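File shown here: final.cif, holding mmCIF, C-alpha atoms.
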```
data_final
loop_
_atom_site.group_PDB
_atom_site.id
_atom_site.type_symbol
_atom_site.label_atom_id
_atom_site.label_comp_id
_atom_site.auth_asym_id
_atom_site.auth_seq_id
_atom_site.Cartn_x
_atom_site.Cartn_y
_atom_site.Cartn_z
ATOM 1 C CA MET A 229 12.404 24.428 0.722
ATOM 2 C CA TYR A 230 11.018 20.881 0.912
ATOM 3 C CA ARG A 231 11.400 20.578 4.703
ATOM 4 C CA PRO A 232 9.146 23.571 5.529
ATOM 5 C CA PHE A 233 6.600 22.187 3.052
ATOM 6 C CA SER A 234 6.811 18.757 4.714
ATOM 7 C CA ARG A 235 6.294 20.173 8.209
ATOM 8 C CA ALA A 236 3.400 22.341 7.003
ATOM 9 C CA CYS A 237 1.714 19.312 5.394
ATOM 10 C CA GLU A 238 2.134 17.246 8.562
ATOM 11 C CA ARG A 239 0.422 19.957 10.604
ATOM 12 C CA LEU A 240 -2.264 20.806 8.044
ATOM 13 C CA LEU A 241 -3.144 17.215 7.132
ATOM 14 C CA ARG A 242 -2.539 15.929 10.690
ATOM 15 C CA ILE A 243 -0.241 13.165 9.511
ATOM 16 C CA PRO A 244 0.880 11.058 12.522
ATOM 17 C CA ALA A 245 4.653 11.037 12.956
ATOM 18 C CA GLU A 246 4.618 7.315 13.760
ATOM 19 C CA PRO A 247 2.107 4.595 12.861
ATOM 20 C CA GLU A 248 0.082 2.934 15.596
ATOM 21 C CA LEU A 249 1.529 -0.394 16.654
ATOM 22 C CA PRO A 250 -0.416 -3.466 15.492
ATOM 23 C CA PRO A 251 -1.560 -6.126 17.997
ATOM 24 C CA GLY A 252 1.212 -8.382 19.237
ATOM 25 C CA ASP A 253 4.316 -8.498 21.381
ATOM 26 C CA GLU A 254 6.209 -5.194 21.009
ATOM 27 C CA ARG A 255 9.491 -7.072 21.389
ATOM 28 C CA THR A 256 8.834 -8.897 18.108
ATOM 29 C CA ILE A 257 8.081 -5.800 16.016
ATOM 30 C CA ARG A 258 9.935 -5.567 12.723
ATOM 31 C CA LEU A 259 9.818 -2.288 10.799
ATOM 32 C CA PHE A 260 10.183 -2.281 7.022
ATOM 33 C CA ARG A 261 10.326 0.692 4.670
ATOM 34 C CA ALA A 262 10.123 1.120 0.915
ATOM 35 C CA ALA A 263 13.533 0.877 -0.742
ATOM 36 C CA PRO A 264 15.322 4.059 -1.956
ATOM 37 C CA ASN A 265 14.894 2.795 -5.524
ATOM 38 C CA TYR A 266 11.130 2.923 -4.996
ATOM 39 C CA TYR A 267 11.399 6.714 -4.771
ATOM 40 C CA PHE A 268 13.331 6.665 -8.047
ATOM 41 C CA TYR A 269 10.565 4.475 -9.504
ATOM 42 C CA LEU A 270 7.913 6.996 -8.408
ATOM 43 C CA LEU A 271 10.071 9.778 -9.851
ATOM 44 C CA VAL A 272 10.165 8.064 -13.251
ATOM 45 C CA ILE A 273 6.358 7.813 -13.229
ATOM 46 C CA TRP A 274 6.124 11.499 -12.266
ATOM 47 C CA ILE A 275 8.405 12.480 -15.178
ATOM 48 C CA LEU A 276 6.369 10.431 -17.659
ATOM 49 C CA ARG A 277 3.091 11.980 -16.480
ATOM 50 C CA THR A 278 4.602 15.455 -16.673
ATOM 51 C CA LEU A 279 5.808 14.856 -20.233
ATOM 52 C CA VAL A 280 2.376 13.583 -21.286
ATOM 53 C CA LEU A 281 0.755 16.653 -19.751
ATOM 54 C CA LEU A 282 3.164 18.984 -21.561
ATOM 55 C CA VAL A 283 2.637 17.212 -24.883
ATOM 56 C CA ILE A 284 -1.135 17.639 -24.530
ATOM 57 C CA ILE A 285 -1.266 21.193 -23.142
ATOM 58 C CA LEU A 286 1.676 23.094 -24.651
ATOM 59 C CA PRO A 287 0.791 22.677 -28.355
ATOM 60 C CA SER A 288 -2.680 24.096 -27.738
ATOM 61 C CA GLU A 289 -1.056 27.163 -26.153
ATOM 62 C CA ILE A 290 1.978 27.623 -28.407
ATOM 63 C CA LEU A 291 0.202 27.271 -31.784
ATOM 64 C CA PRO A 292 -2.041 30.351 -31.319
ATOM 65 C CA PHE A 293 1.043 32.219 -30.132
ATOM 66 C CA LEU A 294 2.973 31.321 -33.317
ATOM 67 C CA GLU A 295 -0.042 31.996 -35.485
ATOM 68 C CA GLU A 296 -0.242 35.519 -34.136
ATOM 69 C CA PHE A 297 3.361 36.183 -35.114
ATOM 70 C CA THR A 298 2.689 35.142 -38.721
ATOM 71 C CA LYS A 299 0.177 37.962 -39.141
ATOM 72 C CA PRO A 300 1.207 41.352 -40.500
ATOM 73 C CA PHE A 301 2.452 43.680 -37.786
ATOM 74 C CA GLU A 302 -0.507 46.037 -38.009
ATOM 75 C CA ARG A 303 -2.980 43.160 -37.512
ATOM 76 C CA ARG A 304 -1.279 41.619 -34.499
ATOM 77 C CA LEU A 305 -2.848 41.819 -31.087
ATOM 78 C CA PRO A 306 -0.978 43.692 -28.350
ATOM 79 C CA PRO A 307 1.583 41.322 -26.742
ATOM 80 C CA PHE A 308 -0.039 41.524 -23.295
ATOM 81 C CA LEU A 309 -3.248 40.023 -24.741
ATOM 82 C CA PHE A 310 -1.813 36.872 -26.301
ATOM 83 C CA LEU A 311 1.203 36.366 -24.024
ATOM 84 C CA ARG A 312 -0.629 36.327 -20.707
ATOM 85 C CA PRO A 313 -2.697 33.129 -21.180
ATOM 86 C CA PRO A 314 0.251 30.889 -22.185
ATOM 87 C CA LEU A 315 2.433 32.282 -19.410
ATOM 88 C CA PHE A 316 -0.323 31.841 -16.825
ATOM 89 C CA ILE A 317 -1.129 28.277 -17.922
ATOM 90 C CA GLY A 318 2.572 27.373 -18.079
ATOM 91 C CA ALA A 319 3.131 28.717 -14.546
ATOM 92 C CA LEU A 320 0.055 26.806 -13.344
ATOM 93 C CA ILE A 321 1.337 23.530 -14.840
ATOM 94 C CA ILE A 322 4.793 23.995 -13.290
ATOM 95 C CA ALA A 323 3.317 24.777 -9.861
ATOM 96 C CA GLN A 324 0.989 21.771 -10.010
ATOM 97 C CA ARG A 325 3.756 19.363 -11.035
ATOM 98 C CA LEU A 326 6.133 20.666 -8.349
ATOM 99 C CA PHE A 327 3.383 20.253 -5.753
ATOM 100 C CA ALA A 328 2.785 16.675 -6.980
ATOM 101 C CA LEU A 329 6.528 16.000 -6.717
ATOM 102 C CA ALA A 330 6.632 17.247 -3.121
ATOM 103 C CA LEU A 331 3.625 15.061 -2.206
ATOM 104 C CA LEU A 332 5.320 12.104 -3.868
ATOM 105 C CA ARG A 333 8.409 12.567 -1.702
ATOM 106 C CA LEU A 334 6.272 12.966 1.417
ATOM 107 C CA ASP A 335 4.291 9.812 0.567
ATOM 108 C CA PHE A 336 7.559 7.872 0.256
ATOM 109 C CA GLU A 337 8.804 9.109 3.638
ATOM 110 C CA LYS A 338 5.523 8.411 5.467
ATOM 111 C CA ARG A 339 5.123 4.834 4.211
ATOM 112 C CA TRP A 340 5.485 2.189 6.969
ATOM 113 C CA TYR A 341 5.251 -1.604 7.146
ATOM 114 C CA LEU A 342 5.136 -3.198 10.629
ATOM 115 C CA VAL A 343 5.125 -6.910 11.497
ATOM 116 C CA THR A 344 4.627 -8.399 14.976
ATOM 117 C CA ASP A 345 4.229 -11.980 16.163
ATOM 118 C CA ARG A 346 0.430 -11.835 15.627
ATOM 119 C CA SER A 347 -0.343 -9.276 12.922
ATOM 120 C CA LEU A 348 0.971 -6.740 10.445
ATOM 121 C CA ARG A 349 0.111 -3.119 9.681
ATOM 122 C CA VAL A 350 0.636 -1.096 6.504
ATOM 123 C CA ARG A 351 0.343 2.688 6.374
ATOM 124 C CA GLU A 352 0.499 4.694 3.168
ATOM 125 C CA GLY A 353 -0.816 7.896 1.637
ATOM 126 C CA VAL A 354 -0.628 11.592 2.474
ATOM 127 C CA LEU A 355 -3.836 13.310 1.385
ATOM 128 C CA ASN A 356 -5.763 10.117 2.048
ATOM 129 C CA ILE A 357 -3.966 8.211 4.804
ATOM 130 C CA ARG A 358 -4.686 4.484 4.780
ATOM 131 C CA GLU A 359 -3.714 2.148 7.605
ATOM 132 C CA MET A 360 -4.581 -1.524 7.397
ATOM 133 C CA THR A 361 -4.064 -4.198 10.043
ATOM 134 C CA ILE A 362 -4.189 -7.898 9.210
ATOM 135 C CA THR A 363 -4.018 -10.652 11.802
ATOM 136 C CA PHE A 364 -2.060 -13.731 10.764
ATOM 137 C CA ALA A 365 -5.072 -15.918 11.493
ATOM 138 C CA ASN A 366 -6.880 -14.350 8.513
ATOM 139 C CA ILE A 367 -4.081 -14.523 5.949
ATOM 140 C CA GLN A 368 -4.959 -16.616 2.901
ATOM 141 C CA ASN A 369 -2.160 -15.868 0.448
ATOM 142 C CA ILE A 370 1.200 -14.089 0.185
ATOM 143 C CA SER A 371 2.496 -13.162 -3.266
ATOM 144 C CA ILE A 372 5.285 -11.071 -4.797
ATOM 145 C CA SER A 373 4.909 -9.175 -8.075
ATOM 146 C CA GLN A 374 7.395 -7.214 -10.198
ATOM 147 C CA GLY A 375 6.973 -5.088 -13.289
ATOM 148 C CA PRO A 376 9.763 -4.560 -15.853
ATOM 149 C CA ILE A 377 10.967 -1.293 -14.293
ATOM 150 C CA GLN A 378 10.753 -2.803 -10.805
ATOM 151 C CA ARG A 379 12.935 -5.746 -11.876
ATOM 152 C CA LEU A 380 15.458 -3.298 -13.284
ATOM 153 C CA LEU A 381 15.545 -1.399 -9.983
ATOM 154 C CA GLY A 382 15.575 -4.539 -7.810
ATOM 155 C CA ILE A 383 12.288 -3.817 -6.012
ATOM 156 C CA ALA A 384 8.955 -5.625 -5.785
ATOM 157 C CA ASP A 385 5.448 -5.443 -4.299
ATOM 158 C CA LEU A 386 4.533 -8.029 -1.675
ATOM 159 C CA ARG A 387 0.777 -8.575 -1.322
ATOM 160 C CA VAL A 388 -0.922 -10.204 1.653
ATOM 161 C CA ASP A 389 -4.495 -11.309 0.906
ATOM 162 C CA THR A 390 -7.241 -12.202 3.348
ATOM 163 C CA ALA A 391 -10.701 -13.632 2.793
ATOM 164 C CA GLY A 392 -13.744 -11.542 3.671
ATOM 165 C CA GLY A 393 -13.275 -8.755 6.192
ATOM 166 C CA GLY A 394 -13.825 -5.021 6.072
ATOM 167 C CA ALA A 395 -13.794 -2.967 2.890
ATOM 168 C CA GLN A 396 -15.222 -4.800 -0.064
ATOM 169 C CA LYS A 397 -13.128 -4.976 -3.172
ATOM 170 C CA SER A 398 -14.841 -4.768 -6.517
ATOM 171 C CA LYS A 399 -14.440 -8.180 -8.068
ATOM 172 C CA LYS A 400 -14.475 -9.212 -11.671
ATOM 173 C CA GLU A 401 -16.176 -12.320 -12.909
ATOM 174 C CA GLY A 402 -14.430 -15.378 -11.537
ATOM 175 C CA GLN A 403 -12.213 -13.331 -9.211
ATOM 176 C CA GLU A 404 -12.152 -14.277 -5.540
ATOM 177 C CA ASN A 405 -13.430 -11.636 -3.149
ATOM 178 C CA LEU A 406 -10.149 -10.908 -1.389
ATOM 179 C CA HIS A 407 -8.834 -7.755 0.173
ATOM 180 C CA GLY A 408 -5.350 -7.277 1.476
ATOM 181 C CA ALA A 409 -2.355 -5.055 2.091
ATOM 182 C CA LYS A 410 0.676 -4.312 -0.046
ATOM 183 C CA PHE A 411 4.288 -3.818 0.938
ATOM 184 C CA ARG A 412 5.060 -1.572 -2.040
ATOM 185 C CA GLY A 413 8.538 -1.008 -3.390
ATOM 186 C CA VAL A 414 10.503 -3.253 -1.021
ATOM 187 C CA ASN A 415 13.868 -4.723 -1.952
ATOM 188 C CA ASN A 416 13.608 -7.594 0.557
ATOM 189 C CA GLY A 417 10.268 -9.146 -0.387
ATOM 190 C CA GLU A 418 11.499 -12.713 0.110
ATOM 191 C CA GLU A 419 12.746 -11.862 3.612
ATOM 192 C CA ILE A 420 9.387 -10.328 4.558
ATOM 193 C CA ARG A 421 7.475 -13.289 3.123
ATOM 194 C CA GLU A 422 9.659 -15.750 5.017
ATOM 195 C CA LEU A 423 9.213 -13.747 8.231
ATOM 196 C CA ILE A 424 5.415 -13.804 7.874
ATOM 197 C CA ASN A 425 5.459 -17.531 7.065
ATOM 198 C CA THR A 426 7.638 -18.144 10.132
ATOM 199 C CA ARG A 427 5.234 -16.190 12.338
ATOM 200 C CA LEU A 428 2.331 -18.164 10.826
ATOM 201 C CA ARG A 429 4.046 -21.460 11.706
ATOM 202 C CA GLU A 430 4.734 -20.223 15.238
ATOM 203 C CA LEU A 431 1.084 -19.254 15.601
ATOM 204 C CA LYS A 432 0.004 -22.635 14.281
ATOM 205 C CA ASP A 433 2.221 -24.455 16.772
ATOM 206 C CA SER A 434 1.174 -22.275 19.709
ATOM 207 C CA GLY A 435 -1.776 -24.467 20.713
ATOM 208 C CA LEU A 436 -4.731 -24.225 18.376
ATOM 209 C CA GLY A 437 -3.396 -26.453 15.620
ATOM 210 C CA ASP A 438 -4.196 -25.847 11.959
ATOM 211 C CA LEU A 439 -4.674 -22.370 10.564
ATOM 212 C CA GLU A 440 -8.264 -23.288 9.707
ATOM 213 C CA GLU A 441 -8.913 -23.802 13.400
ATOM 214 C CA ILE A 442 -7.241 -20.473 14.164
ATOM 215 C CA THR A 443 -9.469 -18.695 11.654
ATOM 216 C CA LEU A 444 -12.592 -20.310 13.111
ATOM 217 C CA ALA A 445 -11.497 -19.461 16.630
ATOM 218 C CA SER A 446 -10.920 -15.798 15.685
ATOM 219 C CA ALA A 447 -14.406 -15.621 14.130
ATOM 220 C CA ALA A 448 -16.172 -17.537 16.933
ATOM 221 C CA PRO A 449 -18.231 -15.807 19.653
ATOM 222 C CA LYS A 450 -16.456 -14.670 22.782
ATOM 223 C CA GLY A 451 -15.921 -17.498 25.243
ATOM 224 C CA THR A 452 -15.822 -20.261 22.597
ATOM 225 C CA PRO A 453 -12.018 -20.886 22.930
ATOM 226 C CA ALA A 454 -12.644 -22.085 26.490
ATOM 227 C CA LEU A 455 -14.544 -25.092 25.058
ATOM 228 C CA VAL A 456 -11.677 -26.238 22.842
ATOM 229 C CA GLY A 457 -9.895 -28.208 25.593
ATOM 230 C CA PRO A 458 -12.945 -30.186 26.824
ATOM 231 C CA LEU A 459 -14.059 -30.895 23.251
ATOM 232 C CA ARG A 460 -10.634 -32.275 22.395
ATOM 233 C CA ASP A 461 -10.794 -34.545 25.461
ATOM 234 C CA ILE A 462 -14.184 -35.828 24.319
ATOM 235 C CA LEU A 463 -12.818 -36.383 20.802
ATOM 236 C CA ALA A 464 -9.871 -38.348 22.193
ATOM 237 C CA GLU A 465 -12.188 -40.561 24.297
ATOM 238 C CA VAL A 466 -14.527 -41.201 21.353
ATOM 239 C CA THR A 467 -11.545 -42.096 19.139
ATOM 240 C CA ALA A 468 -10.187 -44.507 21.781
ATOM 241 C CA LEU A 469 -13.666 -46.099 22.159
ATOM 242 C CA ARG A 470 -13.963 -46.626 18.405
ATOM 243 C CA GLN A 471 -10.544 -48.254 18.276
ATOM 244 C CA THR A 472 -11.518 -50.574 21.178
ATOM 245 C CA LEU A 473 -14.789 -51.583 19.473
ATOM 246 C CA ALA A 474 -12.988 -52.136 16.168
ATOM 247 C CA ARG A 475 -10.859 -54.823 17.795
#
```

Would it be possible to restate this file's structure as structure tokens?
Amino acid sequence: MYRPFSRACERLLRIPAEPELPPGDERTIRLFRAAPNYYFYLLVIWILRTLVLLVIILPSEILPFLEEFTKPFERRLPPFLFLRPPLFIGALIIAQRLFALALLRLDFEKRWYLVTDRSLRVREGVLNIREMTITFANIQNISISQGPIQRLLGIADLRVDTAGGGAQKSKKEGQENLHGAKFRGVNNGEEIRELINTRLRELKDSGLGDLEEITLASAAPKGTPALVGPLRDILAEVTALRQTLAR
């Protein structure tokens, strides 16, 4: 039953079967997916939300039903009048929660994390598909976070933050204006962080030097990188001249 629903959602919502590849050498692409325990984690959250919904809704529907049965028989309403609303609302709740469960499974299956030698891309969501690409030159921080249930299941969220950029994130007082991407529910967060750090070092050693220089070069107008070589030659000559005069 789930598979026909999944195929119908893919057609109706136009969910791409595969994510678009991020910039970089295709030979260096590494694909990561959320761990199976992440689906179990989402399932636990779904169960808790369902229980909360039942605790709030059911008493308001069952109490009038019980109250009607405490009345004398001749004063009771016909069963079809007081049975229909609870049955209808109960069926509506069950249908809504089953639909949410199917979307949860689909969201887990359509979640992708791609890393190349120059950038990374994260895709998540079903109703609202979100794809985010981050070039290594703009990465400011890589962090791993775990909640109590995540530690129990052996999964974690790896967050990659960048400074500035596209969508603005609402910031609290004293909070840095960062936006970033999350590798949610992975069981190899340290491996992914080490891979990104390795790619950052390779990018740093590829010719431009420090990551600050890489960031400036990526933000500079087109054609500016061509001036880097001559400017470095001038800097070397000025440094040599200063050393000569200092003697």

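You will find CA of Ala263 in chain A at 12.6 Å from CA of Lys338 in chain A.
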
Report as a count of residues only the residues that result from applying the PyMOL selection byres ((chain A and resi 260) around 9) to the structure here. 11

Using CA of Ala391 in chain A and CA of Lys410 in chain A as the two end points, give the distance in Å to one decimal.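 For CA of Ala391 in chain A relative to CA of Lys410 in chain A, the distance reads 15.0 Å.
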
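Here CA of Pro264 in chain A and CA of Thr344 in chain A stand 23.6 Å from one another.
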
Nearest candidate to Ala365 in chain A (options A:Glu430, A:Asp385, A:Asp335, A:Glu246; using all atoms listed in the file):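 Between A:Glu430, A:Asp385, A:Asp335, A:Glu246, the residue approaching Ala365 in chain A most closely is A:Glu430.
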
Evaluating the PyMOL selection byres ((chain A and resi 373) around 6) on the displayed file yields which residues, as a PyMOL selection string? chain A and resi 372+374+384-385

Prev. selection, C-alpha atoms, output as a CSV table (one decimal), in the frame of the given file:
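Below is the file that was written, again_9.csv:
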```
chain,number,residue,atom,x,y,z
A,372,ILE,CA,5.3,-11.1,-4.8
A,374,GLN,CA,7.4,-7.2,-10.2
A,384,ALA,CA,9.0,-5.6,-5.8
A,385,ASP,CA,5.4,-5.4,-4.3
```

For Asn425 in chain A, find every residue with an atom within 12 Å (counting only C-alpha atoms), except residues of its own chain fewer than 5 positions away, and show them as an MDAnalysis selection string. chainID A and resid 343 345:347 364:365 367:371 388 418:420 430:432 439

Of the candidates A:Ile284, A:Ile424, A:Val354, A:Leu326, which one gets nearest to Arg339 in chain A if we count only C-alpha atoms?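 Of all the options, A:Val354 lies closest to Arg339 in chain A.
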
Go through A:Thr426, A:Asn265, A:Gln324, A:Thr361 one by one, measure the shortest atom-to-atom distance of each to Gly382 in chain A using all atoms listed in the file, and give the residue with the smallest value. A:Asn265

Of A:Arg470, A:Arg333, A:Arg358, A:Arg325, the one sitting nearest Arg231 in chain A when using all atoms listed in the file is A:Arg333

Any idea what's packed within 9 Å of range 327-330 of chain A, counting only C-alpha atoms, ignoring anything in its chain fewer than 3 positions away? Could you give it as number ranges by chain? A: 230, 233-234, 271, 274, 322-324, 333-335

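In this comparison, which uses only C-alpha atoms, the residue of A:Ala464, A:Pro250, A:Ile357, A:Leu348 approaching Glu238 in chain A most closely is A:Ile357.
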